[in-house]
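Chemist: Let me begin by handing over the structure; questions about it come next.
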Amino acid sequence: MPEGDTLHRTAAHLQVLVGQRVEAETPHPRAAATGVAKAIDGRVLEAVEAVGKNLLLRFEGGVTVRSHLRMSGRWRVEPRRTDRSGRPWLVLRGTEWEAVQWNGPVLTLDTAAVGRLGTDILGRGVEVPALVARLRAVDPRTQVGEALLDQRIISGIGNIWMNESLWQARLSPWLPVGVASDESLETALGWAQRMMRASVRGARSLHSVYRRAGRPCPRCGGTILSRGLGDANRTAYWCGRCQRGPGAG
Ligand SMILES: [Zn+2]
């Protein structure tokens with residue numbers, strides 16, 4: 001699942017097209033139905049930015065396209081070519097490069113959904129105490145793992161960074177957010193922000209708990225557990241020994 005750092009990296013790659021008048025195509029039938037190609041074909045691409053897990057493409061004339069990759073989508077930036085096979089959702093063709101978006105699944109001309117997003121953890125000038133304050137504003141019974149994944153509270157954090165940052169802060173994903181100390185939330189969010197920023201610059205990181213169920217915890221040797229979390233049933237991974245809080249919700 002592409003998380004905020006992946007989207008920021010994609011936005012950086014797409015800068016090669018900024019300032020150019022682009023040709024736009026939507027070969028996939030579901031993408032064609034959005035009307036996006038007609039609205040942007042021949043317009044100058046003025047800016048590309050990642051907001052949470054969304055990519056916003058701003059065109060001259062105040063037209064904005066929002067792309068959300070969900071589980072399956074991806075962007076590629078490649079030299080311009082004409083012999084493409086398959087049915088990408090969107091092709092933006094500049095003079096030398098083209099950006100190709102595969103597997104959708106969200107491509108829209110509206111930006112209404114962006115207005116409902118919480119503070120982007122990778123936003124410029126966003127500081128950790130402000131992110132903690134966002135978590136403090138939610139129902140204190142909310143499990144901290146679910147709170148971190150809720151894009152209306154803080155945007156950009158996906159399943160990998162949620163699990164890894166809570167392990168770093170020694171918090172169980174099942175702990176009610178009202179019981180977690182400010183210090184531990186700052187540890188989790190500060191670590192996530194630093195690692196996601198490093199990832200935008202291309203750094204790779206090893207996983208301590210993510211997809212390591214049944215293996216020993218690298219910190220204490222306890223067994224790493226896993227279980228579905230929250231309404232979306234994303235998978236939580238945590239060490240049953242050294243992360244504070246209930247074993248499972
Ligand atoms: Zn442990």
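Here's how to read the names in the structure tokens: chain A, B, ... by the order shown, residue numbers from 1 in each chain, ligand numbers from 1 in the order shown.
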List as a VMD selection string the protein and nucleic acid residues near range 120-134 of chain A, meaning an atom at most 10 Å away when only C-alpha atoms are counted, but skip any in the same chain fewer than 4 places from it.
Modeler: chain A and resid 4 to 5 8 50 to 53 138 147 151 to 157 181 to 194 196 to 197 200
Chemist: Please, which residues have at least one atom within 12 Å of an atom of ligand 1, using only C-alpha atoms and all ligand atoms, listed as a list of chain:residue names?
Modeler: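 Using only C-alpha atoms and all ligand atoms, everything at most 12 Å from ligand 1 comes to A:Leu166, A:Trp167, A:Gln168, A:Ala169, A:Arg170, A:Leu171, A:Ser172, A:Ser208, A:Val209, A:Gly214, A:Arg215, A:Pro216, A:Cys217, A:Pro218, A:Arg219, A:Cys220, A:Gly221, A:Gly222, A:Thr223, A:Ile224, A:Leu225, A:Tyr237, A:Trp238, A:Cys239, A:Gly240, A:Arg241, A:Cys242, A:Gln243, A:Arg244.
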Chemist: Output the selection as a short mmCIF file (atom, residue, chain, number, x, y, z; two decimals), in the first residue's frame - N, CA and C atoms for each residue.
Modeler:
```cif
data_model
loop_
_atom_site.label_atom_id
_atom_site.label_comp_id
_atom_site.auth_asym_id
_atom_site.auth_seq_id
_atom_site.Cartn_x
_atom_site.Cartn_y
_atom_site.Cartn_z
N LEU A 166 4.72 2.47 16.36
CA LEU A 166 4.21 2.08 17.69
C LEU A 166 5.18 1.11 18.37
N TRP A 167 5.84 0.28 17.58
CA TRP A 167 6.87 -0.59 18.17
C TRP A 167 8.01 0.27 18.73
N GLN A 168 8.41 1.29 17.97
CA GLN A 168 9.48 2.18 18.42
C GLN A 168 9.11 2.84 19.75
N ALA A 169 7.84 3.21 19.89
CA ALA A 169 7.39 3.91 21.09
C ALA A 169 6.93 2.95 22.20
N ARG A 170 7.04 1.65 21.94
CA ARG A 170 6.63 0.61 22.90
C ARG A 170 5.16 0.72 23.27
N LEU A 171 4.33 1.08 22.30
CA LEU A 171 2.88 1.16 22.54
C LEU A 171 2.19 0.05 21.75
N SER A 172 1.27 -0.65 22.39
CA SER A 172 0.45 -1.63 21.68
C SER A 172 -0.53 -0.88 20.78
N SER A 208 10.77 -3.99 11.91
CA SER A 208 10.94 -4.70 13.17
C SER A 208 9.78 -5.64 13.45
N VAL A 209 8.56 -5.21 13.11
CA VAL A 209 7.38 -6.04 13.38
C VAL A 209 6.50 -6.28 12.16
N GLY A 214 4.96 -14.16 14.46
CA GLY A 214 5.53 -15.46 14.82
C GLY A 214 7.03 -15.43 15.00
N ARG A 215 7.67 -14.35 14.58
CA ARG A 215 9.12 -14.26 14.72
C ARG A 215 9.47 -13.50 15.99
N PRO A 216 10.74 -13.61 16.45
CA PRO A 216 11.08 -12.93 17.70
C PRO A 216 11.23 -11.42 17.55
N CYS A 217 10.82 -10.71 18.57
CA CYS A 217 10.97 -9.25 18.61
C CYS A 217 12.47 -8.92 18.63
N PRO A 218 12.93 -8.01 17.78
CA PRO A 218 14.35 -7.67 17.75
C PRO A 218 14.83 -6.97 19.03
N ARG A 219 13.91 -6.49 19.85
CA ARG A 219 14.30 -5.77 21.07
C ARG A 219 14.32 -6.69 22.28
N CYS A 220 13.27 -7.54 22.44
CA CYS A 220 13.17 -8.31 23.68
C CYS A 220 13.07 -9.82 23.46
N GLY A 221 12.95 -10.25 22.21
CA GLY A 221 12.86 -11.68 21.95
C GLY A 221 11.47 -12.26 22.10
N GLY A 222 10.50 -11.44 22.56
CA GLY A 222 9.11 -11.90 22.66
C GLY A 222 8.55 -12.20 21.27
N THR A 223 7.42 -12.88 21.24
CA THR A 223 6.85 -13.25 19.93
C THR A 223 6.03 -12.11 19.34
N ILE A 224 6.23 -11.88 18.04
CA ILE A 224 5.45 -10.86 17.35
C ILE A 224 4.10 -11.45 16.96
N LEU A 225 3.05 -10.71 17.30
CA LEU A 225 1.69 -11.16 17.06
C LEU A 225 1.07 -10.34 15.93
N TYR A 237 0.59 -5.47 13.80
CA TYR A 237 1.69 -6.35 14.22
C TYR A 237 2.31 -5.72 15.46
N TRP A 238 2.51 -6.51 16.50
CA TRP A 238 3.09 -5.93 17.71
C TRP A 238 3.74 -7.03 18.53
N CYS A 239 4.65 -6.62 19.40
CA CYS A 239 5.29 -7.56 20.31
C CYS A 239 4.44 -7.66 21.57
N GLY A 240 4.04 -8.88 21.91
CA GLY A 240 3.19 -9.08 23.07
C GLY A 240 3.90 -8.84 24.39
N ARG A 241 5.24 -8.71 24.34
CA ARG A 241 5.98 -8.56 25.59
C ARG A 241 6.37 -7.11 25.89
N CYS A 242 6.90 -6.38 24.93
CA CYS A 242 7.50 -5.07 25.26
C CYS A 242 6.69 -3.87 24.78
N GLN A 243 5.52 -4.06 24.20
CA GLN A 243 4.70 -2.91 23.83
C GLN A 243 3.55 -2.78 24.82
N ARG A 244 3.45 -1.59 25.40
CA ARG A 244 2.50 -1.38 26.48
C ARG A 244 1.05 -1.39 25.98
#
```
Chemist: Compile the contact shell of His207 in chain A as an MDAnalysis selection string: residues with an atom at most 10 Å away, counting only C-alpha atoms, same-chain residues fewer than 3 positions apart removed.
Modeler: chainID A and resid 160:161 163:164 204 210:212 218
Chemist: What's the 12 Å shell around range 9-21 of chain A, counting only C-alpha atoms, without same-chain residues fewer than 6 positions away, as a PDB file with N, CA, C and O atoms, in the first residue's frame?
Modeler:
```
ATOM      1  N   PRO A   2       0.737   2.109  -1.000  1.00  0.00           N
ATOM      2  CA  PRO A   2       1.557   3.328  -1.028  1.00  0.00           C
ATOM      3  C   PRO A   2       1.185   4.245   0.134  1.00  0.00           C
ATOM      4  O   PRO A   2       0.024   4.527   0.336  1.00  0.00           O
ATOM      5  N   GLU A   3       2.186   4.656   0.899  1.00  0.00           N
ATOM      6  CA  GLU A   3       1.940   5.563   2.015  1.00  0.00           C
ATOM      7  C   GLU A   3       2.399   6.965   1.637  1.00  0.00           C
ATOM      8  O   GLU A   3       2.870   7.196   0.533  1.00  0.00           O
ATOM      9  N   ILE A  40      -8.055  18.243 -18.947  1.00  0.00           N
ATOM     10  CA  ILE A  40      -6.664  18.696 -18.775  1.00  0.00           C
ATOM     11  C   ILE A  40      -5.818  18.615 -20.043  1.00  0.00           C
ATOM     12  O   ILE A  40      -4.732  19.193 -20.091  1.00  0.00           O
ATOM     13  N   ASP A  41      -6.297  17.937 -21.070  1.00  0.00           N
ATOM     14  CA  ASP A  41      -5.497  17.786 -22.292  1.00  0.00           C
ATOM     15  C   ASP A  41      -5.157  19.155 -22.879  1.00  0.00           C
ATOM     16  O   ASP A  41      -6.037  19.997 -23.065  1.00  0.00           O
ATOM     17  N   GLY A  42      -3.869  19.384 -23.121  1.00  0.00           N
ATOM     18  CA  GLY A  42      -3.436  20.649 -23.710  1.00  0.00           C
ATOM     19  C   GLY A  42      -3.223  21.763 -22.696  1.00  0.00           C
ATOM     20  O   GLY A  42      -2.852  22.876 -23.067  1.00  0.00           O
ATOM     21  N   ARG A  43      -3.425  21.491 -21.425  1.00  0.00           N
ATOM     22  CA  ARG A  43      -3.192  22.524 -20.402  1.00  0.00           C
ATOM     23  C   ARG A  43      -1.772  22.415 -19.830  1.00  0.00           C
ATOM     24  O   ARG A  43      -1.175  21.335 -19.836  1.00  0.00           O
ATOM     25  N   VAL A  44      -1.308  23.510 -19.298  1.00  0.00           N
ATOM     26  CA  VAL A  44       0.004  23.516 -18.645  1.00  0.00           C
ATOM     27  C   VAL A  44      -0.155  22.932 -17.238  1.00  0.00           C
ATOM     28  O   VAL A  44      -1.043  23.332 -16.482  1.00  0.00           O
ATOM     29  N   LEU A  45       0.720  21.968 -16.927  1.00  0.00           N
ATOM     30  CA  LEU A  45       0.750  21.402 -15.569  1.00  0.00           C
ATOM     31  C   LEU A  45       1.530  22.385 -14.703  1.00  0.00           C
ATOM     32  O   LEU A  45       2.721  22.608 -14.918  1.00  0.00           O
ATOM     33  N   GLU A  46       0.869  22.974 -13.725  1.00  0.00           N
ATOM     34  CA  GLU A  46       1.517  24.035 -12.934  1.00  0.00           C
ATOM     35  C   GLU A  46       2.179  23.525 -11.665  1.00  0.00           C
ATOM     36  O   GLU A  46       3.156  24.101 -11.202  1.00  0.00           O
ATOM     37  N   ALA A  47       1.639  22.467 -11.088  1.00  0.00           N
ATOM     38  CA  ALA A  47       2.235  21.958  -9.839  1.00  0.00           C
ATOM     39  C   ALA A  47       1.780  20.532  -9.586  1.00  0.00           C
ATOM     40  O   ALA A  47       0.694  20.132 -10.012  1.00  0.00           O
ATOM     41  N   VAL A  48       2.637  19.784  -8.922  1.00  0.00           N
ATOM     42  CA  VAL A  48       2.282  18.437  -8.471  1.00  0.00           C
ATOM     43  C   VAL A  48       2.660  18.361  -7.007  1.00  0.00           C
ATOM     44  O   VAL A  48       3.798  18.660  -6.638  1.00  0.00           O
ATOM     45  N   GLU A  49       1.720  17.988  -6.163  1.00  0.00           N
ATOM     46  CA  GLU A  49       2.058  17.861  -4.751  1.00  0.00           C
ATOM     47  C   GLU A  49       1.353  16.676  -4.118  1.00  0.00           C
ATOM     48  O   GLU A  49       0.273  16.278  -4.550  1.00  0.00           O
ATOM     49  N   ALA A  50       2.003  16.123  -3.119  1.00  0.00           N
ATOM     50  CA  ALA A  50       1.397  15.049  -2.348  1.00  0.00           C
ATOM     51  C   ALA A  50       0.749  15.669  -1.123  1.00  0.00           C
ATOM     52  O   ALA A  50       1.355  16.485  -0.437  1.00  0.00           O
ATOM     53  N   VAL A  51      -0.486  15.292  -0.885  1.00  0.00           N
ATOM     54  CA  VAL A  51      -1.179  15.724   0.336  1.00  0.00           C
ATOM     55  C   VAL A  51      -1.704  14.453   0.990  1.00  0.00           C
ATOM     56  O   VAL A  51      -2.607  13.815   0.468  1.00  0.00           O
ATOM     57  N   GLY A  52      -1.090  14.081   2.099  1.00  0.00           N
ATOM     58  CA  GLY A  52      -1.423  12.788   2.685  1.00  0.00           C
ATOM     59  C   GLY A  52      -1.107  11.702   1.671  1.00  0.00           C
ATOM     60  O   GLY A  52      -0.020  11.667   1.120  1.00  0.00           O
ATOM     61  N   LYS A  53      -2.077  10.863   1.388  1.00  0.00           N
ATOM     62  CA  LYS A  53      -1.853   9.802   0.407  1.00  0.00           C
ATOM     63  C   LYS A  53      -2.421  10.150  -0.964  1.00  0.00           C
ATOM     64  O   LYS A  53      -2.556   9.297  -1.825  1.00  0.00           O
ATOM     65  N   ASN A  54      -2.752  11.433  -1.145  1.00  0.00           N
ATOM     66  CA  ASN A  54      -3.257  11.890  -2.442  1.00  0.00           C
ATOM     67  C   ASN A  54      -2.173  12.593  -3.214  1.00  0.00           C
ATOM     68  O   ASN A  54      -1.302  13.245  -2.640  1.00  0.00           O
ATOM     69  N   LEU A  55      -2.260  12.486  -4.529  1.00  0.00           N
ATOM     70  CA  LEU A  55      -1.406  13.281  -5.386  1.00  0.00           C
ATOM     71  C   LEU A  55      -2.311  14.305  -6.057  1.00  0.00           C
ATOM     72  O   LEU A  55      -3.334  13.942  -6.650  1.00  0.00           O
ATOM     73  N   LEU A  56      -1.950  15.583  -5.921  1.00  0.00           N
ATOM     74  CA  LEU A  56      -2.748  16.637  -6.551  1.00  0.00           C
ATOM     75  C   LEU A  56      -1.975  17.209  -7.725  1.00  0.00           C
ATOM     76  O   LEU A  56      -0.822  17.632  -7.577  1.00  0.00           O
ATOM     77  N   LEU A  57      -2.602  17.202  -8.891  1.00  0.00           N
ATOM     78  CA  LEU A  57      -2.000  17.739 -10.109  1.00  0.00           C
ATOM     79  C   LEU A  57      -2.766  19.003 -10.456  1.00  0.00           C
ATOM     80  O   LEU A  57      -3.967  18.947 -10.748  1.00  0.00           O
ATOM     81  N   ARG A  58      -2.081  20.138 -10.374  1.00  0.00           N
ATOM     82  CA  ARG A  58      -2.766  21.410 -10.618  1.00  0.00           C
ATOM     83  C   ARG A  58      -2.419  21.920 -12.017  1.00  0.00           C
ATOM     84  O   ARG A  58      -1.246  22.059 -12.358  1.00  0.00           O
ATOM     85  N   PHE A  59      -3.464  22.218 -12.773  1.00  0.00           N
ATOM     86  CA  PHE A  59      -3.295  22.671 -14.146  1.00  0.00           C
ATOM     87  C   PHE A  59      -3.727  24.116 -14.275  1.00  0.00           C
ATOM     88  O   PHE A  59      -4.483  24.627 -13.437  1.00  0.00           O
ATOM     89  N   GLU A  60      -3.252  24.758 -15.350  1.00  0.00           N
ATOM     90  CA  GLU A  60      -3.663  26.144 -15.594  1.00  0.00           C
ATOM     91  C   GLU A  60      -5.177  26.215 -15.694  1.00  0.00           C
ATOM     92  O   GLU A  60      -5.825  25.236 -16.080  1.00  0.00           O
ATOM     93  N   SER A  67      -5.382  12.105  -7.533  1.00  0.00           N
ATOM     94  CA  SER A  67      -5.144  10.677  -7.734  1.00  0.00           C
ATOM     95  C   SER A  67      -4.873  10.041  -6.382  1.00  0.00           C
ATOM     96  O   SER A  67      -4.063  10.538  -5.602  1.00  0.00           O
ATOM     97  N   HIS A  68      -5.601   8.966  -6.094  1.00  0.00           N
ATOM     98  CA  HIS A  68      -5.349   8.202  -4.866  1.00  0.00           C
ATOM     99  C   HIS A  68      -5.111   6.763  -5.291  1.00  0.00           C
ATOM    100  O   HIS A  68      -5.887   6.201  -6.059  1.00  0.00           O
ATOM    101  N   LEU A  69      -4.031   6.163  -4.816  1.00  0.00           N
ATOM    102  CA  LEU A  69      -3.627   4.848  -5.330  1.00  0.00           C
ATOM    103  C   LEU A  69      -4.251   3.673  -4.582  1.00  0.00           C
ATOM    104  O   LEU A  69      -4.170   2.548  -5.064  1.00  0.00           O
ATOM    105  N   GLY A  73      -2.732   1.005  -7.044  1.00  0.00           N
ATOM    106  CA  GLY A  73      -2.265   1.928  -8.067  1.00  0.00           C
ATOM    107  C   GLY A  73      -0.782   2.241  -7.987  1.00  0.00           C
ATOM    108  O   GLY A  73      -0.152   2.067  -6.949  1.00  0.00           O
ATOM    109  N   ARG A  74      -0.234   2.697  -9.103  1.00  0.00           N
ATOM    110  CA  ARG A  74       1.152   3.181  -9.075  1.00  0.00           C
ATOM    111  C   ARG A  74       1.381   4.160 -10.222  1.00  0.00           C
ATOM    112  O   ARG A  74       0.656   4.136 -11.227  1.00  0.00           O
ATOM    113  N   TRP A  75       2.362   5.025 -10.032  1.00  0.00           N
ATOM    114  CA  TRP A  75       2.772   5.973 -11.054  1.00  0.00           C
ATOM    115  C   TRP A  75       4.146   5.577 -11.568  1.00  0.00           C
ATOM    116  O   TRP A  75       4.984   5.096 -10.808  1.00  0.00           O
ATOM    117  N   ARG A  76       4.381   5.808 -12.849  1.00  0.00           N
ATOM    118  CA  ARG A  76       5.703   5.622 -13.438  1.00  0.00           C
ATOM    119  C   ARG A  76       6.032   6.863 -14.253  1.00  0.00           C
ATOM    120  O   ARG A  76       5.165   7.385 -14.944  1.00  0.00           O
ATOM    121  N   VAL A  77       7.259   7.322 -14.178  1.00  0.00           N
ATOM    122  CA  VAL A  77       7.710   8.403 -15.049  1.00  0.00           C
ATOM    123  C   VAL A  77       8.753   7.811 -15.983  1.00  0.00           C
ATOM    124  O   VAL A  77       9.725   7.200 -15.532  1.00  0.00           O
ATOM    125  N   GLU A  78       8.509   7.933 -17.281  1.00  0.00           N
ATOM    126  CA  GLU A  78       9.347   7.270 -18.281  1.00  0.00           C
ATOM    127  C   GLU A  78       9.597   8.212 -19.457  1.00  0.00           C
ATOM    128  O   GLU A  78       8.854   9.175 -19.647  1.00  0.00           O
ATOM    129  N   PRO A  79      10.603   7.894 -20.271  1.00  0.00           N
ATOM    130  CA  PRO A  79      10.763   8.681 -21.492  1.00  0.00           C
ATOM    131  C   PRO A  79       9.504   8.575 -22.356  1.00  0.00           C
ATOM    132  O   PRO A  79       8.858   7.525 -22.386  1.00  0.00           O
ATOM    133  N   ARG A  80       9.170   9.646 -23.021  1.00  0.00           N
ATOM    134  CA  ARG A  80       7.973   9.684 -23.869  1.00  0.00           C
ATOM    135  C   ARG A  80       8.039   8.591 -24.932  1.00  0.00           C
ATOM    136  O   ARG A  80       9.074   8.354 -25.542  1.00  0.00           O
ATOM    137  N   VAL A  91      -2.286   8.942 -18.802  1.00  0.00           N
ATOM    138  CA  VAL A  91      -0.971   9.205 -19.380  1.00  0.00           C
ATOM    139  C   VAL A  91      -0.868  10.714 -19.559  1.00  0.00           C
ATOM    140  O   VAL A  91      -1.748  11.335 -20.156  1.00  0.00           O
ATOM    141  N   LEU A  92       0.194  11.289 -18.993  1.00  0.00           N
ATOM    142  CA  LEU A  92       0.464  12.720 -19.163  1.00  0.00           C
ATOM    143  C   LEU A  92       1.769  12.822 -19.941  1.00  0.00           C
ATOM    144  O   LEU A  92       2.814  12.411 -19.444  1.00  0.00           O
ATOM    145  N   ARG A  93       1.681  13.356 -21.149  1.00  0.00           N
ATOM    146  CA  ARG A  93       2.838  13.330 -22.032  1.00  0.00           C
ATOM    147  C   ARG A  93       3.400  14.731 -22.205  1.00  0.00           C
ATOM    148  O   ARG A  93       2.690  15.640 -22.628  1.00  0.00           O
ATOM    149  N   GLY A  94       4.670  14.886 -21.831  1.00  0.00           N
ATOM    150  CA  GLY A  94       5.347  16.157 -22.049  1.00  0.00           C
ATOM    151  C   GLY A  94       6.260  16.047 -23.250  1.00  0.00           C
ATOM    152  O   GLY A  94       6.104  15.138 -24.073  1.00  0.00           O
ATOM    153  N   THR A  95       7.225  16.951 -23.374  1.00  0.00           N
ATOM    154  CA  THR A  95       8.087  16.938 -24.559  1.00  0.00           C
ATOM    155  C   THR A  95       9.060  15.753 -24.544  1.00  0.00           C
ATOM    156  O   THR A  95       9.292  15.136 -25.563  1.00  0.00           O
ATOM    157  N   GLU A  96       9.601  15.425 -23.368  1.00  0.00           N
ATOM    158  CA  GLU A  96      10.559  14.326 -23.305  1.00  0.00           C
ATOM    159  C   GLU A  96      10.105  13.183 -22.418  1.00  0.00           C
ATOM    160  O   GLU A  96      10.514  12.053 -22.585  1.00  0.00           O
ATOM    161  N   TRP A  97       9.292  13.500 -21.433  1.00  0.00           N
ATOM    162  CA  TRP A  97       8.894  12.508 -20.443  1.00  0.00           C
ATOM    163  C   TRP A  97       7.385  12.318 -20.434  1.00  0.00           C
ATOM    164  O   TRP A  97       6.644  13.208 -20.840  1.00  0.00           O
ATOM    165  N   GLU A  98       6.995  11.175 -19.932  1.00  0.00           N
ATOM    166  CA  GLU A  98       5.569  11.009 -19.669  1.00  0.00           C
ATOM    167  C   GLU A  98       5.369  10.324 -18.322  1.00  0.00           C
ATOM    168  O   GLU A  98       6.189   9.517 -17.882  1.00  0.00           O
ATOM    169  N   ALA A  99       4.289  10.692 -17.689  1.00  0.00           N
ATOM    170  CA  ALA A  99       3.912  10.077 -16.416  1.00  0.00           C
ATOM    171  C   ALA A  99       2.722   9.180 -16.697  1.00  0.00           C
ATOM    172  O   ALA A  99       1.775   9.594 -17.365  1.00  0.00           O
ATOM    173  N   VAL A 100       2.811   7.946 -16.210  1.00  0.00           N
ATOM    174  CA  VAL A 100       1.757   6.971 -16.493  1.00  0.00           C
ATOM    175  C   VAL A 100       1.228   6.427 -15.178  1.00  0.00           C
ATOM    176  O   VAL A 100       1.998   5.997 -14.320  1.00  0.00           O
ATOM    177  N   GLN A 101      -0.076   6.467 -15.036  1.00  0.00           N
ATOM    178  CA  GLN A 101      -0.681   5.990 -13.801  1.00  0.00           C
ATOM    179  C   GLN A 101      -1.457   4.699 -14.101  1.00  0.00           C
ATOM    180  O   GLN A 101      -2.350   4.672 -14.937  1.00  0.00           O
ATOM    181  N   LEU A 122       3.937  14.822   6.527  1.00  0.00           N
ATOM    182  CA  LEU A 122       5.104  15.270   5.763  1.00  0.00           C
ATOM    183  C   LEU A 122       4.963  16.713   5.284  1.00  0.00           C
ATOM    184  O   LEU A 122       5.769  17.191   4.496  1.00  0.00           O
ATOM    185  N   MET A 196       9.817   8.725   7.458  1.00  0.00           N
ATOM    186  CA  MET A 196       9.085   8.976   6.209  1.00  0.00           C
ATOM    187  C   MET A 196       9.797  10.054   5.396  1.00  0.00           C
ATOM    188  O   MET A 196       9.860   9.966   4.171  1.00  0.00           O
ATOM    189  N   ARG A 197      10.352  11.059   6.071  1.00  0.00           N
ATOM    190  CA  ARG A 197      11.109  12.086   5.343  1.00  0.00           C
ATOM    191  C   ARG A 197      12.350  11.474   4.705  1.00  0.00           C
ATOM    192  O   ARG A 197      12.703  11.789   3.563  1.00  0.00           O
ATOM    193  N   ALA A 198      13.018  10.586   5.447  1.00  0.00           N
ATOM    194  CA  ALA A 198      14.206   9.919   4.898  1.00  0.00           C
ATOM    195  C   ALA A 198      13.808   9.059   3.697  1.00  0.00           C
ATOM    196  O   ALA A 198      14.522   8.998   2.694  1.00  0.00           O
ATOM    197  N   SER A 199      12.637   8.438   3.810  1.00  0.00           N
ATOM    198  CA  SER A 199      12.161   7.588   2.721  1.00  0.00           C
ATOM    199  C   SER A 199      11.858   8.411   1.459  1.00  0.00           C
ATOM    200  O   SER A 199      12.096   7.956   0.342  1.00  0.00           O
ATOM    201  N   VAL A 200      11.354   9.621   1.651  1.00  0.00           N
ATOM    202  CA  VAL A 200      11.112  10.504   0.499  1.00  0.00           C
ATOM    203  C   VAL A 200      12.424  10.739  -0.247  1.00  0.00           C
ATOM    204  O   VAL A 200      12.464  10.803  -1.471  1.00  0.00           O
ATOM    205  N   ARG A 201      13.511  10.827   0.524  1.00  0.00           N
ATOM    206  CA  ARG A 201      14.824  11.049  -0.089  1.00  0.00           C
ATOM    207  C   ARG A 201      15.438   9.751  -0.603  1.00  0.00           C
ATOM    208  O   ARG A 201      16.561   9.753  -1.099  1.00  0.00           O
ATOM    209  N   GLY A 202      14.726   8.623  -0.445  1.00  0.00           N
ATOM    210  CA  GLY A 202      15.203   7.368  -1.031  1.00  0.00           C
ATOM    211  C   GLY A 202      15.770   6.361  -0.055  1.00  0.00           C
ATOM    212  O   GLY A 202      16.213   5.288  -0.460  1.00  0.00           O
ATOM    213  N   ALA A 203      15.781   6.680   1.245  1.00  0.00           N
ATOM    214  CA  ALA A 203      16.333   5.748   2.228  1.00  0.00           C
ATOM    215  C   ALA A 203      15.425   4.524   2.378  1.00  0.00           C
ATOM    216  O   ALA A 203      14.207   4.630   2.259  1.00  0.00           O
TER     217      ALA A 203
END
```
Chemist: Do you have the CA of Gly104 in chain A-CA of Lys38 in chain A distance handy?
Modeler: 17.2 Å
Chemist: Quick one, how far is CA of Pro27 in chain A from CA of Arg84 in chain A?
Modeler: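 Answer for the CA of Pro27 in chain A to CA of Arg84 in chain A separation: 10.4 Å.
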Chemist: Between CA of Ser72 in chain A and CA of Trp174 in chain A, what is the distance, to one decimal in Å?
Modeler: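 The value is 27.2 Å.
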Chemist: Which residue gives the smallest distance to Val65 in chain A among A:Leu149, A:Val22, A:Ala39, A:Val144, with only C-alpha atoms counted?
Modeler: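 That would be A:Ala39, the residue with the smallest distance to Val65 in chain A.
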Chemist: If DSSP is run on the backbone, what residues of range 41-241 of chain A are strand (DSSP E or B)? A reply as a ChimeraX atom specification would be ideal.
Modeler: /A:44-51,54-59,63-68,74-79,90-93,97-102,106-108,119-120,143,154-155,171,176,216,223-229,234-239
Chemist: For Met162 in chain A, which residue among A:Thr235, A:Thr34, A:Thr26, A:Thr108 is the nearest when counting only C-alpha atoms?
Modeler: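 Among the listed residues, A:Thr235 lies closest to Met162 in chain A.
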